[in-house]
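Structure data follow from query_34.txt (compact mmCIF, C-alpha atoms and all ligand atoms):
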# COMPACT_ATOMS: atom_id res chain seq x y z
CA MET A 1 74.81 162.01 132.23
CA LYS A 2 75.11 159.93 129.06
CA ARG A 3 78.28 157.84 128.94
CA THR A 4 80.16 157.11 125.68
CA PHE A 5 78.44 154.10 124.18
CA LEU A 6 80.38 150.88 123.71
CA ILE A 7 78.99 148.82 120.84
CA ALA A 8 80.73 145.46 121.09
CA GLY A 9 80.44 142.43 118.82
CA ASN A 10 80.99 138.96 120.27
CA TRP A 11 81.58 136.62 117.35
CA LYS A 12 81.78 133.54 119.59
CA MET A 13 83.13 130.49 117.67
CA ASN A 14 82.35 131.99 114.27
CA ALA A 15 84.51 133.47 111.50
CA GLY A 16 87.99 132.06 110.89
CA PRO A 17 90.71 134.48 109.70
CA SER A 18 89.54 134.88 106.09
CA GLU A 19 85.86 135.38 106.86
CA ALA A 20 86.77 137.60 109.83
CA SER A 21 88.97 139.75 107.64
CA LYS A 22 86.16 140.10 105.09
CA ILE A 23 83.56 141.25 107.65
CA ALA A 24 86.05 143.63 109.29
CA THR A 25 86.98 145.11 105.91
CA GLU A 26 83.28 145.63 105.11
CA LEU A 27 82.79 147.41 108.43
CA VAL A 28 85.65 149.79 107.79
CA ALA A 29 84.34 150.44 104.26
CA ALA A 30 80.82 151.14 105.58
CA TRP A 31 82.16 153.92 107.82
CA GLU A 32 84.81 155.27 105.47
CA GLY A 33 84.79 159.06 105.61
CA LYS A 34 82.26 159.04 108.48
CA SER A 35 83.12 159.32 112.13
CA PHE A 36 81.28 158.06 115.19
CA GLN A 37 81.19 159.10 118.84
CA ALA A 38 80.67 155.60 120.24
CA GLU A 39 83.42 153.08 120.75
CA ALA A 40 82.99 150.17 118.34
CA LEU A 41 84.62 146.85 119.18
CA ILE A 42 84.77 143.38 117.63
CA CYS A 43 85.80 140.31 119.64
CA PRO A 44 86.60 137.49 117.17
CA PRO A 45 87.91 134.02 118.03
CA PHE A 46 91.58 134.11 119.13
CA VAL A 47 92.94 132.89 115.79
CA SER A 48 91.11 135.64 113.90
CA ILE A 49 92.24 138.53 116.10
CA PRO A 50 95.33 139.42 114.01
CA ALA A 51 93.29 139.37 110.78
CA VAL A 52 90.63 141.67 112.25
CA ALA A 53 93.21 144.01 113.79
CA ALA A 54 94.97 144.22 110.41
CA ALA A 55 91.72 144.92 108.54
CA PHE A 56 90.78 147.63 111.06
CA GLY A 57 94.20 149.26 110.62
CA ASN A 58 94.05 152.90 111.62
CA SER A 59 90.24 153.04 111.60
CA ALA A 60 88.30 153.77 114.79
CA PHE A 61 87.20 150.13 115.17
CA LYS A 62 88.79 148.26 118.07
CA THR A 63 89.65 144.61 118.62
CA GLY A 64 89.07 142.46 121.68
CA ALA A 65 89.11 138.85 122.87
CA GLN A 66 86.42 136.57 124.27
CA ASN A 67 88.43 135.00 127.07
CA VAL A 68 91.86 134.92 128.73
CA HIS A 69 93.82 132.90 131.28
CA THR A 70 94.88 134.19 134.70
CA GLU A 71 98.59 133.26 134.39
CA ASP A 72 101.28 134.99 132.31
CA ASN A 73 102.72 131.88 130.63
CA GLY A 74 103.61 128.27 131.27
CA ALA A 75 102.11 124.80 131.06
CA PHE A 76 98.46 125.69 130.47
CA THR A 77 97.58 123.84 127.28
CA GLY A 78 95.04 125.63 125.16
CA GLU A 79 95.17 128.91 127.05
CA VAL A 80 96.12 132.47 126.05
CA SER A 81 97.60 135.25 128.23
CA THR A 82 96.96 138.97 128.54
CA ASP A 83 100.38 139.79 127.04
CA MET A 84 99.60 137.69 123.97
CA LEU A 85 96.31 139.53 123.53
CA LYS A 86 98.02 142.90 123.86
CA GLU A 87 100.59 141.87 121.28
CA THR A 88 97.86 141.05 118.77
CA GLY A 89 96.23 144.45 119.23
CA CYS A 90 93.45 143.74 121.73
CA GLU A 91 92.16 146.50 123.96
CA TYR A 92 89.23 144.66 125.58
CA VAL A 93 88.57 141.15 126.89
CA ILE A 94 85.13 139.65 127.52
CA VAL A 95 85.16 137.78 130.82
CA GLY A 96 82.59 135.42 132.31
CA HIS A 97 80.25 135.11 129.33
CA SER A 98 77.34 132.84 130.29
CA GLU A 99 78.50 130.26 127.74
CA ARG A 100 81.85 130.06 129.54
CA ARG A 101 80.12 129.84 132.90
CA GLU A 102 77.78 127.10 131.66
CA TYR A 103 79.82 124.96 129.23
CA PHE A 104 83.28 125.51 130.70
CA HIS A 105 82.23 125.63 134.34
CA GLU A 106 83.74 129.02 135.10
CA SER A 107 82.80 130.03 138.64
CA SER A 108 82.14 133.59 139.76
CA ASP A 109 85.47 133.46 141.62
CA LEU A 110 87.40 132.48 138.48
CA VAL A 111 85.60 135.18 136.50
CA ALA A 112 86.59 137.69 139.19
CA GLU A 113 90.22 136.56 139.05
CA LYS A 114 90.24 136.96 135.26
CA ALA A 115 88.70 140.43 135.46
CA LYS A 116 91.34 141.50 137.97
CA LYS A 117 94.14 140.09 135.81
CA VAL A 118 92.85 141.87 132.70
CA ILE A 119 92.61 145.21 134.50
CA ASN A 120 95.95 144.88 136.32
CA ASP A 121 97.64 144.17 133.01
CA GLY A 122 96.27 147.31 131.40
CA LEU A 123 93.49 145.79 129.29
CA LYS A 124 89.77 146.52 129.67
CA ALA A 125 87.42 143.86 131.03
CA ILE A 126 83.83 143.41 129.88
CA VAL A 127 82.41 141.29 132.68
CA CYS A 128 79.18 139.46 131.85
CA VAL A 129 76.48 138.79 134.41
CA GLY A 130 72.91 137.57 134.03
CA GLU A 131 70.27 135.15 135.20
CA VAL A 132 68.79 132.07 133.53
CA LEU A 133 65.10 131.77 132.72
CA SER A 134 64.16 129.80 135.85
CA GLU A 135 65.74 132.51 138.02
CA ARG A 136 63.89 135.22 136.11
CA LYS A 137 60.62 133.33 136.61
CA ALA A 138 61.34 132.63 140.28
CA GLY A 139 62.01 136.33 140.85
CA THR A 140 65.53 135.72 142.19
CA TYR A 141 67.30 137.40 139.25
CA LYS A 142 68.64 140.35 141.23
CA GLU A 143 70.17 138.09 143.86
CA VAL A 144 71.86 136.04 141.13
CA VAL A 145 73.33 139.12 139.51
CA LYS A 146 74.35 140.51 142.90
CA GLU A 147 76.34 137.34 143.68
CA GLN A 148 78.07 137.49 140.27
CA MET A 149 78.78 141.22 140.66
CA ASN A 150 80.04 140.99 144.23
CA ALA A 151 82.61 138.33 143.36
CA VAL A 152 84.12 140.74 140.83
CA LEU A 153 83.72 143.91 142.88
CA ASN A 154 85.58 142.33 145.80
CA THR A 155 88.72 142.16 143.66
CA LEU A 156 88.54 145.76 142.37
CA SER A 157 89.16 149.14 143.96
CA GLY A 158 89.92 152.72 143.00
CA ASP A 159 88.83 154.41 139.79
CA VAL A 160 88.62 151.51 137.35
CA SER A 161 85.92 153.21 135.29
CA ASP A 162 88.06 153.30 132.14
CA GLN A 163 88.91 149.60 132.37
CA PHE A 164 85.82 147.96 133.81
CA VAL A 165 82.63 147.43 131.83
CA VAL A 166 79.67 145.34 132.96
CA ALA A 167 77.51 143.48 130.44
CA TYR A 168 74.07 142.46 131.65
CA GLU A 169 73.04 139.49 129.55
CA PRO A 170 69.89 137.67 130.62
CA VAL A 171 70.72 134.11 129.52
CA TRP A 172 67.15 133.54 128.31
CA ALA A 173 67.62 136.35 125.78
CA ILE A 174 70.94 135.15 124.30
CA GLY A 175 70.60 133.79 120.78
CA THR A 176 66.88 133.20 121.31
CA GLY A 177 65.46 136.21 119.50
CA GLU A 178 63.72 137.08 122.75
CA THR A 179 65.00 140.41 124.08
CA ALA A 180 64.55 141.83 127.54
CA THR A 181 62.17 144.76 127.29
CA PRO A 182 63.82 148.15 127.62
CA GLU A 183 62.08 148.43 131.01
CA GLN A 184 63.48 145.09 132.21
CA ALA A 185 66.94 146.08 130.99
CA GLN A 186 66.82 149.52 132.63
CA ASP A 187 65.53 148.02 135.88
CA MET A 188 68.48 145.62 136.10
CA HIS A 189 71.01 148.19 134.90
CA GLN A 190 69.83 150.61 137.54
CA TYR A 191 70.20 147.86 140.14
CA ILE A 192 73.75 147.11 138.92
CA ARG A 193 74.51 150.84 139.14
CA THR A 194 73.39 150.75 142.79
CA LEU A 195 75.82 147.89 143.47
CA LEU A 196 78.59 149.87 141.76
CA ASN A 197 77.67 152.90 143.84
CA GLU A 198 77.87 150.97 147.09
CA HIS A 199 81.29 149.63 146.18
CA PHE A 200 83.03 152.51 144.40
CA GLY A 201 81.01 155.58 145.42
CA SER A 202 78.89 157.56 143.01
CA GLU A 203 81.64 159.42 141.18
CA VAL A 204 83.23 156.23 139.84
CA ALA A 205 79.94 154.29 139.56
CA GLU A 206 78.45 156.97 137.31
CA LYS A 207 81.28 156.58 134.81
CA ILE A 208 81.22 152.76 134.55
CA ARG A 209 79.46 151.50 131.46
CA ILE A 210 76.78 148.83 131.67
CA LEU A 211 76.06 147.11 128.33
CA TYR A 212 72.95 145.14 127.48
CA GLY A 213 73.35 141.81 125.66
CA GLY A 214 70.81 139.29 124.43
CA SER A 215 69.27 139.45 120.96
CA MET A 216 70.11 143.12 120.44
CA LYS A 217 69.25 143.83 116.79
CA PRO A 218 68.97 146.86 114.52
CA ASP A 219 65.23 147.10 115.21
CA ASN A 220 65.39 147.10 119.02
CA ALA A 221 68.77 148.76 119.61
CA ALA A 222 67.64 152.39 119.73
CA ASP A 223 64.91 151.64 122.25
CA LEU A 224 67.29 149.77 124.56
CA LEU A 225 70.15 152.26 124.15
CA SER A 226 67.96 155.24 124.96
CA ARG A 227 67.43 154.06 128.55
CA PRO A 228 69.53 156.08 131.02
CA ASP A 229 71.63 153.20 132.36
CA VAL A 230 72.09 151.28 129.11
CA ASP A 231 75.53 152.36 127.91
CA GLY A 232 75.98 150.09 124.93
CA GLY A 233 75.45 146.59 123.68
CA LEU A 234 77.20 143.23 123.59
CA ILE A 235 75.98 141.78 120.34
CA GLY A 236 76.29 138.19 119.19
CA GLY A 237 74.34 137.14 116.09
CA ALA A 238 73.77 140.63 114.71
CA SER A 239 77.48 141.46 114.89
CA LEU A 240 78.40 138.80 112.33
CA LYS A 241 77.13 140.87 109.44
CA ALA A 242 78.75 144.24 108.74
CA ASP A 243 75.42 145.84 107.83
CA SER A 244 73.49 144.83 110.96
CA PHE A 245 76.39 145.76 113.26
CA SER A 246 76.64 149.10 111.44
CA GLU A 247 72.93 149.70 111.87
CA ILE A 248 73.24 149.16 115.62
CA LEU A 249 76.20 151.54 115.70
CA SER A 250 74.10 154.07 113.77
CA ALA A 251 71.28 153.62 116.28
CA ALA A 252 73.73 154.51 119.05
CA GLU A 253 74.88 157.56 117.10
CA SER A 254 71.29 158.76 116.73
CA ILE A 255 70.73 159.00 120.51
P1 LIG B 301 73.06 137.37 120.84
O1 LIG B 301 74.33 137.08 121.78
O2 LIG B 301 73.12 138.83 120.45
O3 LIG B 301 73.24 136.45 119.66
O4 LIG B 301 71.84 137.07 121.64
C1 LIG B 301 74.74 138.00 122.75
C2 LIG B 301 75.89 137.46 123.55
O5 LIG B 301 75.89 136.26 123.88
O6 LIG B 301 76.87 138.18 123.86

Would you give me this structure, written as structure tokens?
Amino acid sequence: MKRTFLIAGNWKMNAGPSEASKIATELVAAWEGKSFQAEALICPPFVSIPAVAAAFGNSAFKTGAQNVHTEDNGAFTGEVSTDMLKETGCEYVIVGHSERREYFHESSDLVAEKAKKVINDGLKAIVCVGEVLSERKAGTYKEVVKEQMNAVLNTLSGDVSDQFVVAYEPVWAIGTGETATPEQAQDMHQYIRTLLNEHFGSEVAEKIRILYGGSMKPDNAADLLSRPDVDGGLIGGASLKADSFSEILSAAESI
């Protein structure tokens, strides 16, 4: 079974409101009068979310966030809640990106708590997992991903397939231009599917989307997306230009 692709752009700390609005407007213009089967999502920095949501208007493009806090409101300087994200038009939230795990010391337990909060509050969580280069070389990459996955799975139950997306992002492939081969990606995605199966049972596990992230580009997207357990992409660098993001979306449409 082929799941509906999710082609998601993670703009990281790039594009303030005016630049964000420009790229989003270009994206809408590029697809004007054309429809697509995939879901297409852009996750800008918090301050640019309203500008992107406004530029997307009634188009099929969706808006998401890159992070969220676990509490509803209160004295948490610098943080943003699920309700605030919903109010600005977000449908998805990226949780546990490797940059947040590394630079902001987010543990697997905190990532799990955030994923649960996002889902309980009616948003959709894109939970990132992935090993660093030394773990890939040492051959422990599946254990690393299993630990990250289990922390999240332990907080989830029932049919969350519409609200829970996994993004496998080998850290050594992020922003480096080095992509996992389609075989490496499929191997890990299949393993993640097994973990989902053990936790949710096959009916739910088969519906959950597993995205690949890490230097996905127009020239490698089709090859990665054609693997049976690769259900979309989480795209950093190549999502910051309307034409390269569109090309990746077209690659998904061609499969
Ligand atoms: P990249 O980033 O496409 O620039 O490698 C992917 C990500 O970090 O989500």

As lines of an AutoDock Vina configuration file, please: the centre and edge lengths in Å, to one decimal, of an axis-aligned box enclosing every listed atom of ligand LIG 301 (chain B) with 8 Å added on each side.
center_x = 74.4
center_y = 137.5
center_z = 121.8
size_x = 21.0
size_y = 18.6
size_z = 20.2

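Atom CA of Glu203 of chain A sits 22.2 Å away from atom CA of Cys128 of chain A.
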
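Coordinates place atom CA of Thr155 of chain A at a distance of 15.3 Å from atom CA of Gly122 of chain A.
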
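Among the candidates A:Lys62, A:Lys86, A:His189, A:His199, the one nearest to Val145 of chain A when counting all atoms listed in the file is A:His189.
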
Could you give me, as a PDB file with C-alpha atoms, keeping the file's coordinate frame, every polymer residue with an atom at most 7 Å away from an atom of ligand LIG 301 (chain B), counting all atoms listed in the file?
ATOM      1  CA  ASN A  10      80.990 138.960 120.270  1.00  0.00           C
ATOM      2  CA  GLU A 169      73.040 139.490 129.550  1.00  0.00           C
ATOM      3  CA  ALA A 173      67.620 136.350 125.780  1.00  0.00           C
ATOM      4  CA  ILE A 174      70.940 135.150 124.300  1.00  0.00           C
ATOM      5  CA  GLY A 175      70.600 133.790 120.780  1.00  0.00           C
ATOM      6  CA  THR A 176      66.880 133.200 121.310  1.00  0.00           C
ATOM      7  CA  GLY A 177      65.460 136.210 119.500  1.00  0.00           C
ATOM      8  CA  GLY A 213      73.350 141.810 125.660  1.00  0.00           C
ATOM      9  CA  GLY A 214      70.810 139.290 124.430  1.00  0.00           C
ATOM     10  CA  SER A 215      69.270 139.450 120.960  1.00  0.00           C
ATOM     11  CA  MET A 216      70.110 143.120 120.440  1.00  0.00           C
ATOM     12  CA  LEU A 234      77.200 143.230 123.590  1.00  0.00           C
ATOM     13  CA  ILE A 235      75.980 141.780 120.340  1.00  0.00           C
ATOM     14  CA  GLY A 236      76.290 138.190 119.190  1.00  0.00           C
ATOM     15  CA  GLY A 237      74.340 137.140 116.090  1.00  0.00           C
ATOM     16  CA  ALA A 238      73.770 140.630 114.710  1.00  0.00           C
TER      17      ALA A 238
END

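Distance check against Gly232 of chain A using all atoms listed in the file: of A:Ala75, A:Leu196, A:Ala185, A:Val132, the minimum falls on A:Ala185.
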
- Query: If you count only C-alpha atoms, which residues fall within 12 Å of Glu135 of chain A, apart from same-chain ones fewer than 4 positions away, as an MDAnalysis selection string?
  - Reply: chainID A and resid 130:131 139:145 170:172

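Reported to one decimal place, the separation of atom CA of Asp72 of chain A from atom CA of Asp109 of chain A is 18.4 Å.
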
- Message: When you look at segment 14-21 of chain A with a cut-off of 9 Å (counting only C-alpha atoms), what residues show up, excluding the ones that are within fewer than 5 positions of it in the same chain? I need them as a PyMOL selection string.
- Response: chain A and resi 26+44-45+47-56+240

Selected residues written out with C-alpha atoms, as a CSV table (one decimal), in the coordinates of the input:
chain,number,residue,atom,x,y,z
A,26,GLU,CA,83.3,145.6,105.1
A,44,PRO,CA,86.6,137.5,117.2
A,45,PRO,CA,87.9,134.0,118.0
A,47,VAL,CA,92.9,132.9,115.8
A,48,SER,CA,91.1,135.6,113.9
A,49,ILE,CA,92.2,138.5,116.1
A,50,PRO,CA,95.3,139.4,114.0
A,51,ALA,CA,93.3,139.4,110.8
A,52,VAL,CA,90.6,141.7,112.2
A,53,ALA,CA,93.2,144.0,113.8
A,54,ALA,CA,95.0,144.2,110.4
A,55,ALA,CA,91.7,144.9,108.5
A,56,PHE,CA,90.8,147.6,111.1
A,240,LEU,CA,78.4,138.8,112.3

- Find, counting all atoms listed in the file, the residue in A:Leu6, A:Leu195, A:Val93, A:Ala167 that gets nearest to Asn154 of chain A. A:Leu195

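Each of A:Pro228, A:Gly233, A:Gly78, A:Gly96 was checked against Glu183 of chain A using only C-alpha atoms; the smallest atom-to-atom distance is that of A:Pro228.
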
- Message: Excluding Ala112 of chain A and its own-chain neighbours fewer than 6 positions away, which residues fall within 9 Å of it when counting all atoms listed in the file? Please give them as an NGL selection string.
- Response: :A and (95-96 or 127 or 148-156)

- Query: Using all atoms listed in the file, can you list as a ChimeraX atom specification the residues within 12 Å of (88.9, 158.1, 136.2)?
  - Reply: /A:157-164,200,203-208

- Note on the structure: The residue from A:Phe5, A:Glu39, A:Leu27, A:Leu110 with the smallest atom-to-atom distance to Arg227 of chain A, counting all atoms listed in the file, is A:Phe5

- Item | Selection near Gly64 of chain A, 6 Å with all atoms listed in the file, sequence-local residues under 3 positions removed, as JSON, numbers by chain | {"A": [42, 43, 90, 91, 92, 93]}

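Proximity of A:Gln186, A:Trp11, A:Ala29, A:Glu71 to Asp243 of chain A, computed with only C-alpha atoms, is greatest for A:Ala29.
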
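Neighbouring residues of segment 244-246 of chain A at 9 Å or closer, counting all atoms listed in the file and skipping chain neighbours under 3 positions away, are Ile7, Ala8, Gly9, Leu27, Ala30, Trp31, Lys217, Pro218, Ile235, Ala238, Ser239, Leu240, Lys241, Leu249, Ser250 and Ala251 of chain A.
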